[in-house]
Structure formats: structure tokens, C-alpha cells
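See below for query.cif, which holds mmCIF, C-alpha atoms and all ligand atoms.
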```cif
data_data
loop_
_atom_site.label_atom_id
_atom_site.label_comp_id
_atom_site.auth_asym_id
_atom_site.auth_seq_id
_atom_site.Cartn_x
_atom_site.Cartn_y
_atom_site.Cartn_z
CA MET A 1 39.94 55.23 48.07
CA ASN A 2 41.66 55.43 44.67
CA LYS A 3 39.51 58.39 43.64
CA LEU A 4 40.63 60.15 46.79
CA LYS A 5 44.31 59.34 46.19
CA GLU A 6 44.08 60.73 42.65
CA ALA A 7 42.33 63.88 43.85
CA PHE A 8 45.05 64.29 46.47
CA ARG A 9 47.84 63.93 43.90
CA ARG A 10 46.18 66.50 41.65
CA ARG A 11 45.63 68.98 44.48
CA PHE A 12 49.01 68.48 46.20
CA PRO A 13 51.40 67.22 43.48
CA ASP A 14 54.63 68.08 45.31
CA VAL A 15 54.12 66.69 48.80
CA SER A 16 55.66 63.53 50.21
CA ASP A 17 55.07 61.32 53.24
CA VAL A 18 51.40 60.78 52.37
CA GLY A 19 49.20 58.92 54.81
CA MET A 20 45.60 57.79 54.71
CA VAL A 21 43.22 57.52 57.63
CA ILE A 22 40.39 55.04 57.24
CA SER A 23 37.83 56.04 59.84
CA PRO A 24 34.78 53.75 59.75
CA LEU A 25 31.12 54.62 60.19
CA ARG A 26 29.60 52.86 63.17
CA ILE A 27 26.47 51.06 64.20
CA CYS A 28 25.09 50.59 67.67
CA PRO A 29 23.06 47.38 67.70
CA LEU A 30 22.14 47.70 71.40
CA GLY A 31 22.58 50.43 73.98
CA ALA A 32 20.70 53.32 72.41
CA HIS A 33 20.36 56.66 74.18
CA VAL A 34 22.06 55.52 77.33
CA ASP A 35 25.63 56.72 76.78
CA HIS A 36 24.86 60.28 77.89
CA GLN A 37 23.46 58.73 81.10
CA HIS A 38 26.63 56.65 81.58
CA GLY A 39 24.94 53.39 80.60
CA LEU A 40 26.12 50.25 78.80
CA VAL A 41 26.56 50.29 75.02
CA THR A 42 27.61 48.05 72.16
CA GLY A 43 29.08 49.06 68.83
CA MET A 44 30.60 47.81 65.61
CA ALA A 45 32.49 49.53 62.80
CA LEU A 46 31.40 49.14 59.17
CA ASN A 47 33.45 48.65 56.03
CA ALA A 48 32.11 52.03 54.88
CA ALA A 49 34.30 54.86 56.07
CA VAL A 50 35.43 58.43 55.96
CA TYR A 51 38.82 58.58 54.21
CA LEU A 52 41.42 61.27 54.75
CA ALA A 53 44.54 61.49 52.58
CA TYR A 54 47.07 63.81 54.21
CA ALA A 55 50.65 64.99 54.28
CA PRO A 56 52.48 67.18 56.80
CA ALA A 57 52.59 70.96 56.23
CA ASP A 58 55.73 72.40 57.82
CA ASN A 59 54.40 75.97 57.57
CA GLY A 60 51.87 75.22 60.35
CA TYR A 61 48.82 75.69 58.13
CA ILE A 62 45.81 73.45 57.77
CA ARG A 63 44.49 73.07 54.25
CA VAL A 64 41.69 70.57 53.75
CA GLN A 65 39.42 70.06 50.78
CA SER A 66 36.30 67.91 50.94
CA LEU A 67 35.12 65.85 47.97
CA ASP A 68 31.59 65.92 49.40
CA PHE A 69 31.12 69.55 50.42
CA PRO A 70 32.03 72.89 48.78
CA ASP A 71 34.78 75.25 50.00
CA GLU A 72 38.26 74.56 51.23
CA GLU A 73 39.36 75.01 54.82
CA TYR A 74 42.57 76.99 55.20
CA PHE A 75 43.84 78.40 58.46
CA ASP A 76 46.89 78.81 60.65
CA LEU A 77 47.22 76.44 63.61
CA ASN A 78 47.60 79.51 65.83
CA THR A 79 44.38 81.20 64.72
CA VAL A 80 41.67 78.57 64.53
CA PRO A 81 38.36 80.04 63.32
CA GLY A 82 35.25 79.60 65.47
CA MET A 83 32.20 77.37 65.01
CA VAL A 84 29.88 78.21 62.12
CA PRO A 85 26.57 76.31 62.50
CA GLY A 86 26.14 73.64 59.83
CA PHE A 87 29.60 73.99 58.29
CA TRP A 88 31.56 70.79 57.53
CA GLY A 89 34.84 72.43 58.58
CA ASN A 90 33.72 72.68 62.22
CA TYR A 91 34.99 69.18 62.98
CA LEU A 92 38.43 70.11 61.67
CA ARG A 93 38.53 73.33 63.66
CA GLY A 94 37.36 71.45 66.75
CA ALA A 95 39.93 68.69 66.28
CA VAL A 96 42.78 71.22 66.21
CA LEU A 97 41.48 72.98 69.31
CA SER A 98 40.96 69.69 71.12
CA LEU A 99 44.54 68.56 70.56
CA LYS A 100 45.97 71.97 71.38
CA GLN A 101 44.67 71.60 74.91
CA HIS A 102 47.08 68.73 75.44
CA TYR A 103 49.95 69.21 72.98
CA VAL A 104 51.95 71.80 71.10
CA LEU A 105 51.14 71.38 67.41
CA LYS A 106 53.89 72.56 65.10
CA ARG A 107 52.92 71.01 61.79
CA GLY A 108 49.68 71.39 59.93
CA ILE A 109 48.27 69.15 57.20
CA ASN A 110 47.44 69.29 53.53
CA ALA A 111 44.54 66.91 53.12
CA ILE A 112 41.54 65.73 51.17
CA VAL A 113 38.58 64.11 52.89
CA SER A 114 35.70 62.04 51.61
CA GLY A 115 32.95 59.90 53.11
CA LYS A 116 31.19 56.93 51.59
CA LEU A 117 27.58 56.44 52.65
CA PRO A 118 24.91 59.14 52.94
CA ILE A 119 25.48 61.31 55.98
CA GLY A 120 23.28 60.94 59.05
CA GLY A 121 22.97 58.41 61.80
CA LEU A 122 26.19 56.49 61.21
CA SER A 123 28.35 58.99 63.07
CA SER A 124 30.18 60.39 60.13
CA SER A 125 30.87 63.40 62.34
CA ALA A 126 32.73 61.29 64.89
CA ALA A 127 34.48 59.45 62.05
CA VAL A 128 35.71 62.61 60.35
CA THR A 129 36.81 64.18 63.65
CA THR A 130 38.83 61.08 64.51
CA ALA A 131 40.42 61.17 61.06
CA TYR A 132 41.62 64.76 61.56
CA LEU A 133 42.90 63.95 65.05
CA MET A 134 44.85 60.91 63.87
CA ALA A 135 46.41 62.79 60.95
CA LEU A 136 47.40 65.73 63.16
CA CYS A 137 48.89 63.40 65.77
CA ASP A 138 50.79 61.50 63.11
CA VAL A 139 52.41 64.54 61.47
CA ASN A 140 53.31 66.00 64.89
CA GLY A 141 54.81 62.76 66.22
CA ILE A 142 52.21 62.47 68.99
CA SER A 143 51.29 58.96 70.08
CA VAL A 144 47.89 58.53 71.69
CA THR A 145 45.92 55.57 73.00
CA GLY A 146 42.51 54.66 71.63
CA THR A 147 40.90 55.79 74.87
CA GLU A 148 42.60 59.20 74.65
CA LEU A 149 41.44 59.58 71.06
CA VAL A 150 37.88 58.81 72.15
CA GLN A 151 38.09 61.65 74.69
CA TYR A 152 39.65 64.15 72.27
CA SER A 153 37.11 63.33 69.57
CA HIS A 154 34.20 63.51 72.01
CA TRP A 155 35.36 66.91 73.26
CA VAL A 156 34.85 68.33 69.77
CA GLU A 157 31.21 67.31 69.61
CA ASN A 158 30.45 68.10 73.24
CA GLN A 159 32.36 71.31 73.82
CA PHE A 160 32.81 72.80 70.34
CA ILE A 161 29.61 71.73 68.53
CA LYS A 162 27.65 71.68 71.82
CA LEU A 163 25.83 68.40 71.35
CA ASN A 164 25.35 66.85 74.80
CA ASN A 165 26.02 63.34 73.60
CA GLY A 166 27.93 60.47 75.19
CA ILE A 167 30.96 58.59 73.92
CA LEU A 168 29.24 55.78 72.03
CA ASP A 169 30.04 57.08 68.53
CA GLN A 170 33.71 57.75 69.19
CA ALA A 171 34.18 54.48 71.07
CA ALA A 172 32.63 52.40 68.28
CA ASN A 173 34.50 54.30 65.57
CA ILE A 174 37.90 54.02 67.29
CA LEU A 175 37.93 50.88 69.43
CA SER A 176 36.02 48.37 67.28
CA LYS A 177 37.61 45.26 65.85
CA ASP A 178 36.31 43.23 62.94
CA ASN A 179 34.30 40.16 63.99
CA HIS A 180 33.96 41.47 67.53
CA LEU A 181 31.24 43.24 69.44
CA MET A 182 32.55 46.28 71.31
CA PHE A 183 30.88 46.34 74.72
CA MET A 184 31.52 49.38 76.91
CA ASP A 185 30.50 50.70 80.29
CA THR A 186 30.43 54.42 79.47
CA ARG A 187 30.63 55.36 83.15
CA THR A 188 34.14 53.98 83.51
CA GLY A 189 35.18 53.75 79.86
CA ASP A 190 36.07 50.07 80.44
CA TYR A 191 35.37 48.01 77.37
CA GLN A 192 35.66 44.51 75.98
CA LEU A 193 35.88 43.24 72.43
CA VAL A 194 33.69 40.16 72.48
CA PRO A 195 34.66 37.78 69.67
CA LYS A 196 32.09 36.36 67.30
CA PRO A 197 31.93 32.64 68.06
CA ALA A 198 32.91 30.33 65.21
CA ASP A 199 29.44 28.81 65.01
CA MET A 200 27.55 32.12 64.79
CA PRO A 201 25.61 32.21 61.51
CA PRO A 202 26.91 34.72 58.95
CA PHE A 203 25.32 38.16 58.92
CA GLU A 204 25.57 41.44 57.06
CA VAL A 205 24.39 44.89 58.03
CA VAL A 206 21.63 46.50 56.01
CA VAL A 207 21.77 50.29 56.17
CA VAL A 208 18.60 51.97 54.97
CA TYR A 209 19.03 55.69 54.48
CA SER A 210 15.74 57.56 54.87
CA GLY A 211 16.75 60.55 52.74
CA ILE A 212 16.77 62.87 55.75
CA SER A 213 20.09 64.47 56.66
CA LYS A 214 20.19 67.15 59.28
CA ALA A 215 22.47 67.96 62.16
CA LEU A 216 21.53 66.42 65.50
CA ILE A 217 22.09 69.73 67.21
CA GLY A 218 18.85 71.06 65.68
CA THR A 219 16.72 68.13 66.92
CA ASP A 220 15.22 67.16 70.28
CA TYR A 221 18.44 65.29 71.14
CA ASN A 222 19.67 67.69 73.83
CA ASN A 223 16.16 67.99 75.33
CA ARG A 224 15.97 64.24 75.82
CA VAL A 225 19.35 64.26 77.55
CA ASP A 226 18.03 66.91 79.93
CA GLU A 227 14.84 64.94 80.53
CA CYS A 228 16.88 61.90 81.54
CA LYS A 229 18.89 63.99 83.98
CA VAL A 230 15.78 65.50 85.49
CA ALA A 231 14.31 61.98 85.78
CA ALA A 232 17.39 60.96 87.77
CA TRP A 233 17.10 64.08 89.93
CA VAL A 234 13.43 63.51 90.71
CA ILE A 235 14.06 59.85 91.56
CA GLN A 236 16.84 60.87 93.93
CA ASP A 237 14.57 63.42 95.54
CA LEU A 238 11.66 60.99 95.93
CA ALA A 239 14.04 58.41 97.39
CA GLU A 240 15.45 61.04 99.77
CA MET A 241 18.91 60.56 98.37
CA GLU A 242 21.57 63.24 98.34
CA ILE A 243 21.32 65.40 95.25
CA ALA A 244 24.26 66.66 93.18
CA SER A 245 24.08 69.45 90.61
CA LEU A 246 21.86 68.64 87.64
CA ARG A 247 24.92 68.95 85.43
CA GLU A 248 26.61 66.11 87.28
CA THR A 249 23.51 63.91 87.59
CA ARG A 250 22.88 60.85 85.39
CA LEU A 251 20.37 58.00 85.48
CA ARG A 252 23.28 55.66 86.16
CA ASP A 253 23.64 57.34 89.57
CA VAL A 254 20.35 55.71 90.58
CA ASP A 255 20.21 52.00 91.27
CA GLU A 256 17.37 50.09 89.70
CA ALA A 257 15.79 48.95 92.98
CA THR A 258 15.48 52.57 94.11
CA TYR A 259 13.96 53.47 90.79
CA ARG A 260 11.39 50.65 91.01
CA ARG A 261 10.41 51.84 94.49
CA VAL A 262 9.48 55.35 93.38
CA ARG A 263 8.61 54.71 89.74
CA GLU A 264 4.85 55.22 90.07
CA GLN A 265 5.32 58.67 91.54
CA LEU A 266 7.22 59.99 88.53
CA PRO A 267 5.42 62.15 85.97
CA PRO A 268 4.87 60.02 82.81
CA ARG A 269 7.47 61.80 80.65
CA PHE A 270 10.27 61.12 83.15
CA ARG A 271 9.02 57.63 83.96
CA LYS A 272 9.25 56.70 80.28
CA ARG A 273 12.80 58.00 79.91
CA ALA A 274 13.91 56.07 82.98
CA ASP A 275 12.03 52.94 81.82
CA HIS A 276 14.02 53.11 78.59
CA PHE A 277 17.32 53.54 80.40
CA PHE A 278 16.98 50.62 82.81
CA ALA A 279 15.50 48.24 80.23
CA GLU A 280 18.11 49.16 77.62
CA ASN A 281 20.99 48.47 80.02
CA GLU A 282 19.45 45.07 80.70
CA ARG A 283 19.09 44.41 76.96
CA VAL A 284 22.76 45.19 76.46
CA LYS A 285 23.75 42.66 79.14
CA GLN A 286 21.45 40.01 77.66
CA GLY A 287 22.64 40.88 74.15
CA VAL A 288 26.28 40.33 75.05
CA GLU A 289 25.39 36.90 76.46
CA ALA A 290 23.42 36.03 73.30
CA TRP A 291 26.35 37.19 71.16
CA LYS A 292 28.77 34.98 73.12
CA LYS A 293 26.51 32.01 72.40
CA GLY A 294 26.30 32.91 68.71
CA ASP A 295 22.53 33.33 69.12
CA LEU A 296 21.82 35.99 66.51
CA LYS A 297 18.08 35.42 66.76
CA ALA A 298 18.01 36.31 70.45
CA PHE A 299 20.41 39.23 69.82
CA GLY A 300 18.15 40.46 67.01
CA ARG A 301 14.99 40.22 69.14
CA LEU A 302 16.67 42.48 71.67
CA MET A 303 17.47 44.96 68.88
CA PHE A 304 13.82 45.08 67.85
CA ALA A 305 12.83 45.61 71.50
CA SER A 306 15.38 48.40 71.75
CA GLY A 307 13.86 50.00 68.65
CA GLU A 308 10.37 49.81 70.15
CA SER A 309 11.57 51.34 73.40
CA SER A 310 13.29 54.18 71.53
CA ILE A 311 9.98 54.95 69.83
CA HIS A 312 7.56 54.50 72.74
CA ASN A 313 9.59 55.23 75.89
CA TYR A 314 12.39 57.46 74.73
CA GLU A 315 10.01 59.01 72.20
CA CYS A 316 12.61 59.80 69.60
CA GLY A 317 12.53 59.05 65.91
CA CYS A 318 10.67 60.48 62.97
CA PRO A 319 7.87 59.01 60.83
CA GLU A 320 10.25 58.01 58.01
CA LEU A 321 12.63 56.05 60.24
CA ILE A 322 9.72 54.46 62.08
CA THR A 323 8.35 53.26 58.71
CA ILE A 324 11.71 51.70 57.82
CA PHE A 325 11.97 50.08 61.25
CA ASN A 326 8.49 48.58 60.88
CA ILE A 327 9.25 47.27 57.38
CA LEU A 328 12.46 45.60 58.60
CA LYS A 329 10.59 44.09 61.54
CA GLU A 330 8.17 42.36 59.19
CA THR A 331 10.71 41.19 56.60
CA PRO A 332 12.08 37.62 56.63
CA GLY A 333 15.83 37.29 57.02
CA VAL A 334 16.18 40.30 59.34
CA TYR A 335 17.49 39.16 62.73
CA GLY A 336 17.03 42.55 64.32
CA ALA A 337 16.87 46.23 63.47
CA ARG A 338 16.76 49.65 65.06
CA PHE A 339 17.53 53.29 64.37
CA SER A 340 21.19 53.59 63.61
CA GLY A 341 21.82 56.62 65.76
CA ALA A 342 19.58 59.02 67.60
CA GLY A 343 16.66 58.31 65.26
CA TYR A 344 15.85 61.85 64.24
CA ARG A 345 17.34 61.47 60.79
CA GLY A 346 19.64 59.29 58.80
CA CYS A 347 19.42 55.52 58.77
CA CYS A 348 17.90 52.40 60.21
CA ILE A 349 20.21 49.42 60.42
CA GLY A 350 19.51 45.72 60.61
CA LEU A 351 21.51 42.55 61.05
CA ILE A 352 20.42 40.23 58.26
CA ASP A 353 20.99 36.75 56.91
CA PRO A 354 22.99 37.47 53.69
CA GLN A 355 20.77 35.07 51.74
CA TYR A 356 17.88 37.51 52.18
CA LYS A 357 19.53 40.63 50.77
CA GLU A 358 17.25 40.79 47.73
CA THR A 359 14.15 40.19 49.84
CA VAL A 360 15.10 42.98 52.22
CA LYS A 361 15.85 45.45 49.45
CA ALA A 362 12.63 44.54 47.64
CA ALA A 363 10.56 45.10 50.78
CA ILE A 364 12.03 48.57 51.32
CA ASP A 365 11.72 49.50 47.64
CA ARG A 366 8.10 48.38 47.63
CA GLU A 367 6.92 50.13 50.77
CA TYR A 368 9.14 53.06 51.70
CA PRO A 369 8.85 55.32 48.63
CA ALA A 370 5.12 54.61 48.47
CA LYS A 371 4.69 55.91 52.04
CA HIS A 372 7.20 58.77 51.81
CA PRO A 373 7.27 59.90 48.18
CA ALA A 374 9.23 63.04 49.06
CA TYR A 375 12.30 60.82 49.48
CA LYS A 376 11.73 58.41 46.59
CA ASP A 377 14.78 59.58 44.67
CA ILE A 378 17.23 59.87 47.53
CA TYR A 379 16.60 57.00 49.95
CA ARG A 380 19.16 54.20 49.68
CA VAL A 381 19.58 50.56 50.71
CA ASN A 382 23.19 49.57 51.32
CA PHE A 383 24.70 46.35 52.61
CA CYS A 384 27.85 46.47 54.70
CA LYS A 385 30.15 44.16 56.58
CA THR A 386 31.87 44.86 59.86
CA ASP A 387 35.44 46.13 60.02
CA ASP A 388 38.26 47.32 62.30
CA GLY A 389 38.17 50.71 63.99
CA ALA A 390 39.94 53.85 62.71
CA ARG A 391 43.49 53.33 61.47
CA ILE A 392 46.28 54.88 59.41
CA VAL A 393 47.64 53.20 56.32
CA LYS A 394 50.84 54.31 54.61
CA GLU A 395 52.12 53.28 51.22
C1 LIG B 401 23.89 59.82 68.67
C2 LIG B 401 24.84 60.35 69.73
C3 LIG B 401 25.36 59.22 70.62
C4 LIG B 401 24.22 58.37 71.16
C5 LIG B 401 23.26 57.98 70.04
C6 LIG B 401 22.01 57.30 70.55
O1 LIG B 401 24.56 59.02 67.76
O2 LIG B 401 25.91 61.04 69.14
O3 LIG B 401 26.15 59.72 71.65
O4 LIG B 401 23.55 59.03 72.20
O5 LIG B 401 22.83 59.10 69.28
O6 LIG B 401 22.34 56.11 71.18
#
```
What does this structure look like when you write it as C-alpha cells?
Amino acid sequence: MNKLKEAFRRRFPDVSDVGMVISPLRICPLGAHVDHQHGLVTGMALNAAVYLAYAPADNGYIRVQSLDFPDEEYFDLNTVPGMVPGFWGNYLRGAVLSLKQHYVLKRGINAIVSGKLPIGGLSSSAAVTTAYLMALCDVNGISVTGTELVQYSHWVENQFIKLNNGILDQAANILSKDNHLMFMDTRTGDYQLVPKPADMPPFEVVVVYSGISKALIGTDYNNRVDECKVAAWVIQDLAEMEIASLRETRLRDVDEATYRRVREQLPPRFRKRADHFFAENERVKQGVEAWKKGDLKAFGRLMFASGESSIHNYECGCPELITIFNILKETPGVYGARFSGAGYRGCCIGLIDPQYKETVKAAIDREYPAKHPAYKDIYRVNFCKTDDGARIVKE
């Protein structure tokens, strides 16, 4: 954070009213690949974040420099450039456009942004988008609720970047609270922050970065979303239910009893996607109960089961992340683990007993680079704690 403040002072020596957004990376212990089908999810924020130091720009220009990527973004609020595939500035452009649909923006920002952990799978894209939105709202005197921010941030990814994802990332990044499990029904947006009971054993989050960073938009992510929708459509047809447009159809529109009745008639690909959806929703419900009892072992077992279902039923993942998942599954001190995000790149996460940190790191160091030597110099093992959701701090 200090490095960022210094860089900001050097780049913008004459500005005043400086603010800082701390926008955390997120994990999703349970509730994977169900948000786009309006399922149940859980999330937590980490004490590793995207930081944005900013000050208002009265001339209505946006000027943002990244400490992690080359080039500076500079544009007028009235002429926002379009999407350029793979460019870090897209999230900034999208954030401005998202807010402009609801508000008149008069002031721009001068800002410097930086992230902490390797990019991929921890929703740094949602985190950075939220940071831009919060800074822009602050300098323009716009007050928004957490739920509104989730919508504005999600719009950027969905409508500007064109990733057909759900609201898990934004919800976990914005609504989380330290020492709580964020539990949301993504159909209604209703959520609860379930406190960690006093007698729950301590845990930390291991984040194992595979070395693979690529944008989700280039993966099978959107195809899987479509497969889930088609699964819902076929189930509705087989059950002689009324059918809406595919665009409006989600697996959540089908009740589980109906699904069970027609399950055998579904082609295997669609049956597997639906199997994942219904079982994952159930795991989330059971996980929340285990969390309330402080039963990290039961919670962790559900995480492992979720990981298995992502691999075998949802059929996502990549060999590197599957290796990491399997190592974590076999290592003592790991309560539970799964892909951090969609599973196509980025990280695996695990909830671990802090006494086993060295054991966990040693197991990864021993096995991962040996199996995937291409990543031996760039994979990383980090340990994090949980934290509050995105917030602004002022000096
Ligand atoms: C990515 C998406 C989320 C969610 C997860 C998988 O992180 O952005 O919306 O679908 O994958 O659970």
C-alpha cells in the first residue's frame, strides 16, 4: 500500500483529497459454477487486494496508471473508448460506462492501481472494477448500496467484456465481512453474513497459483453456461413444462424432483451439468450448517466433493489445477480445497490448519513443479487470511 501511495505522490504531486480503495480478492469455498444458473453460493474476501489510490479530476478526464501492466489510460468521460480484447483498461472503461447508465458523471479521477497476488481465479477483474466504481462514485458524490455496486460491477463483465458469468465474484468482493461466510441466493440477491462461531478452529487460506493466467473469455466458460441452460430447457421439455426463451432459462427454474423424474432421459453431457448444479446447491446448504456449528472438517469435505464434481460432472479445470487439487486432497492439515474460480486457470485454494503451513507448502513444492516443469519458476504458494469486503480509506 505504501509503495502505491509513493507512486501516486510521484505521479500526481499536486492533487489533494486523496482516497484509497481496498478491493479484496475473493474465494468461493462452496457454490461453484451455479451462480450463472441462479444457484446458491458462498464467498469470502481475502487480505490480499487490488489497491486504487485516486483523487478527483475536475476537468472530467480519467487518467489511470497501473503498477502491474504497461500503458496509461487517459480519456474524457464523454468519449469512453471501446473494448480491446485482453487490455487491462477495459475494466475502467466498462466501469465508467456502467455508472453513466444511472448517473451523470462530472468529475474524473487521477489514479494509480495495483494488485497483490498473481492474476487469475481470485476475481481480480471484479476487484479492480469495483475499485474504479467506488472511486468514481466517491468523487462524484454518488452514494450506492453494496447490492447496487454488485450490479454495476457485474454489468461490466457481462455486458462490456461479454463473459456470461453470474454475480458470485462481485458479491464476495463487495459484501463480505471478516470472520463471516457470505451466503447468497443468486436468484434473488438475498444474502446473509454467517458469523464464524467462537469455537471454530483457526484456519488460513492457502492459495496455490498454477502459473497459468489467461482471460476466462477465451476458455470454455461461456460454453458450459450454455450447456447448463440447454440442460434446463431439455428437462422442461421432457417434463412437459412451459418453456421460456433459452436466454431466460436457468437450471434454477427446474425443481429437483422434476429433474430426478426425467434425469435418465437426458444426454450424458447435460445430465452431468445438471447433476453438478443440484448437488452443489445441496452442498452449499449443508456447508452453511457445518459452518454454523464450527465444523470445519465437514465444511472441508464438502469443498473436496465440490472440487470433484467440478472436474467430473461440470468437466472444467485444466491438468495443472487438477494436480494441485489432488495434492491438497492428500496433504494433512488441509480441511478442504477446490479450484478458486472457474478452474481453467489461476489458483486452487484450500482452508488449512495454520499449524500445517510448512507441510502444505512442502507438498506443493515437491510435487507440482516435478509434474508441470513449464511452470516451475512462476507457480506460487501464498497464505492469506479473510478480510472485509471492498472499502474506501481516507487519510
Ligand atoms: C468465475 C465466474 C463466476 C463463477 C465462477 C465459478 O469466477 O466469474 O461468476 O461462475 O467462475 O463458480
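Between ligand LIG 401 (chain B) and the candidates A:Gly43, A:Gly294, A:Gly166, A:Gly211, the tightest atom-to-atom separation, counting only C-alpha atoms and all ligand atoms, involves A:Gly166.
Shortest separation to Val113 in chain A among A:Ile217, A:Ala342, A:Ala48, A:Leu67 occurs at residue A:Leu67, atoms counted being all atoms listed in the file.
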Show me a table, sorted first by chain and then by increasing residue number, of the residues of range 20-56 of chain A having an atom at most 10 Å from range 124-135 of chain A, each with its shortest atom pair and the distance in Å to one decimal, counting only C-alpha atoms and written as a tab-separated table.
```
residue	atom	partner	partner_atom	distance
A:Met20	CA	A:Ala135	CA	8.0
A:Val21	CA	A:Ala131	CA	5.7
A:Ile22	CA	A:Ala131	CA	7.2
A:Ser23	CA	A:Ala127	CA	5.3
A:Pro24	CA	A:Ala127	CA	6.2
A:Leu25	CA	A:Ser124	CA	5.8
A:Arg26	CA	A:Ser124	CA	8.1
A:Ala49	CA	A:Ala127	CA	7.5
A:Val50	CA	A:Val128	CA	6.1
A:Tyr51	CA	A:Ala131	CA	7.5
A:Leu52	CA	A:Ala131	CA	6.4
A:Ala53	CA	A:Ala135	CA	8.7
A:Tyr54	CA	A:Ala135	CA	6.8
A:Ala55	CA	A:Ala135	CA	8.2
A:Pro56	CA	A:Ala135	CA	8.6
```
Show me which residues are within 10 Å of ligand LIG 401 (chain B) counting all atoms listed in the file, and format the list as a PDB file with C-alpha atoms, in the frame of the given file.
```pdb
ATOM      1  CA  ARG A  26      29.600  52.860  63.170  1.00  0.00           C
ATOM      2  CA  ILE A  27      26.470  51.060  64.200  1.00  0.00           C
ATOM      3  CA  CYS A  28      25.090  50.590  67.670  1.00  0.00           C
ATOM      4  CA  PRO A  29      23.060  47.380  67.700  1.00  0.00           C
ATOM      5  CA  LEU A  30      22.140  47.700  71.400  1.00  0.00           C
ATOM      6  CA  GLY A  31      22.580  50.430  73.980  1.00  0.00           C
ATOM      7  CA  ALA A  32      20.700  53.320  72.410  1.00  0.00           C
ATOM      8  CA  HIS A  33      20.360  56.660  74.180  1.00  0.00           C
ATOM      9  CA  VAL A  34      22.060  55.520  77.330  1.00  0.00           C
ATOM     10  CA  ASP A  35      25.630  56.720  76.780  1.00  0.00           C
ATOM     11  CA  HIS A  36      24.860  60.280  77.890  1.00  0.00           C
ATOM     12  CA  GLN A  37      23.460  58.730  81.100  1.00  0.00           C
ATOM     13  CA  VAL A  41      26.560  50.290  75.020  1.00  0.00           C
ATOM     14  CA  THR A  42      27.610  48.050  72.160  1.00  0.00           C
ATOM     15  CA  GLY A 120      23.280  60.940  59.050  1.00  0.00           C
ATOM     16  CA  GLY A 121      22.970  58.410  61.800  1.00  0.00           C
ATOM     17  CA  LEU A 122      26.190  56.490  61.210  1.00  0.00           C
ATOM     18  CA  SER A 123      28.350  58.990  63.070  1.00  0.00           C
ATOM     19  CA  SER A 124      30.180  60.390  60.130  1.00  0.00           C
ATOM     20  CA  SER A 125      30.870  63.400  62.340  1.00  0.00           C
ATOM     21  CA  ALA A 126      32.730  61.290  64.890  1.00  0.00           C
ATOM     22  CA  HIS A 154      34.200  63.510  72.010  1.00  0.00           C
ATOM     23  CA  GLU A 157      31.210  67.310  69.610  1.00  0.00           C
ATOM     24  CA  ASN A 158      30.450  68.100  73.240  1.00  0.00           C
ATOM     25  CA  LEU A 163      25.830  68.400  71.350  1.00  0.00           C
ATOM     26  CA  ASN A 164      25.350  66.850  74.800  1.00  0.00           C
ATOM     27  CA  ASN A 165      26.020  63.340  73.600  1.00  0.00           C
ATOM     28  CA  GLY A 166      27.930  60.470  75.190  1.00  0.00           C
ATOM     29  CA  ILE A 167      30.960  58.590  73.920  1.00  0.00           C
ATOM     30  CA  LEU A 168      29.240  55.780  72.030  1.00  0.00           C
ATOM     31  CA  ASP A 169      30.040  57.080  68.530  1.00  0.00           C
ATOM     32  CA  GLN A 170      33.710  57.750  69.190  1.00  0.00           C
ATOM     33  CA  ALA A 171      34.180  54.480  71.070  1.00  0.00           C
ATOM     34  CA  LEU A 216      21.530  66.420  65.500  1.00  0.00           C
ATOM     35  CA  ILE A 217      22.090  69.730  67.210  1.00  0.00           C
ATOM     36  CA  TYR A 221      18.440  65.290  71.140  1.00  0.00           C
ATOM     37  CA  ASN A 222      19.670  67.690  73.830  1.00  0.00           C
ATOM     38  CA  ARG A 224      15.970  64.240  75.820  1.00  0.00           C
ATOM     39  CA  VAL A 225      19.350  64.260  77.550  1.00  0.00           C
ATOM     40  CA  SER A 310      13.290  54.180  71.530  1.00  0.00           C
ATOM     41  CA  CYS A 316      12.610  59.800  69.600  1.00  0.00           C
ATOM     42  CA  PHE A 339      17.530  53.290  64.370  1.00  0.00           C
ATOM     43  CA  SER A 340      21.190  53.590  63.610  1.00  0.00           C
ATOM     44  CA  GLY A 341      21.820  56.620  65.760  1.00  0.00           C
ATOM     45  CA  ALA A 342      19.580  59.020  67.600  1.00  0.00           C
ATOM     46  CA  GLY A 343      16.660  58.310  65.260  1.00  0.00           C
ATOM     47  CA  TYR A 344      15.850  61.850  64.240  1.00  0.00           C
TER      48      TYR A 344
END
```
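Ranking A:Gln192, A:Asn382, A:Asn90, A:Asn47 by their shortest atom-to-atom distance to Asp178 in chain A, with all atoms listed in the file included, puts A:Asn47 first.
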Inset, instruction - Go through A:Arg10, A:Lys385, A:His38, A:Lys376 and flag the residue nearest Met184 in chain A, using all atoms listed in the file for the distances. - result: A:His38
Inset, instruction - With a distance cut-off of 9 Å and only C-alpha atoms, select the neighbouring residues of Leu97 in chain A, excluding the residue or stretch itself and same-chain residues fewer than 2 positions from it, and output the selection as a PyMOL selection string. - result: chain A and resi 77+80+92-95+99-101+156+160
For the residues selected in the previous step, produce a file with C-alpha atoms as a PDB file, keeping the file's coordinate frame.
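Output file selection-v9.pdb is given in full below:
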```pdb
ATOM      1  CA  LEU A  77      47.220  76.440  63.610  1.00  0.00           C
ATOM      2  CA  VAL A  80      41.670  78.570  64.530  1.00  0.00           C
ATOM      3  CA  LEU A  92      38.430  70.110  61.670  1.00  0.00           C
ATOM      4  CA  ARG A  93      38.530  73.330  63.660  1.00  0.00           C
ATOM      5  CA  GLY A  94      37.360  71.450  66.750  1.00  0.00           C
ATOM      6  CA  ALA A  95      39.930  68.690  66.280  1.00  0.00           C
ATOM      7  CA  LEU A  99      44.540  68.560  70.560  1.00  0.00           C
ATOM      8  CA  LYS A 100      45.970  71.970  71.380  1.00  0.00           C
ATOM      9  CA  GLN A 101      44.670  71.600  74.910  1.00  0.00           C
ATOM     10  CA  VAL A 156      34.850  68.330  69.770  1.00  0.00           C
ATOM     11  CA  PHE A 160      32.810  72.800  70.340  1.00  0.00           C
TER      12      PHE A 160
END
```
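From CA of Phe12 in chain A back to CA of Pro70 in chain A, the distance works out to 17.7 Å.
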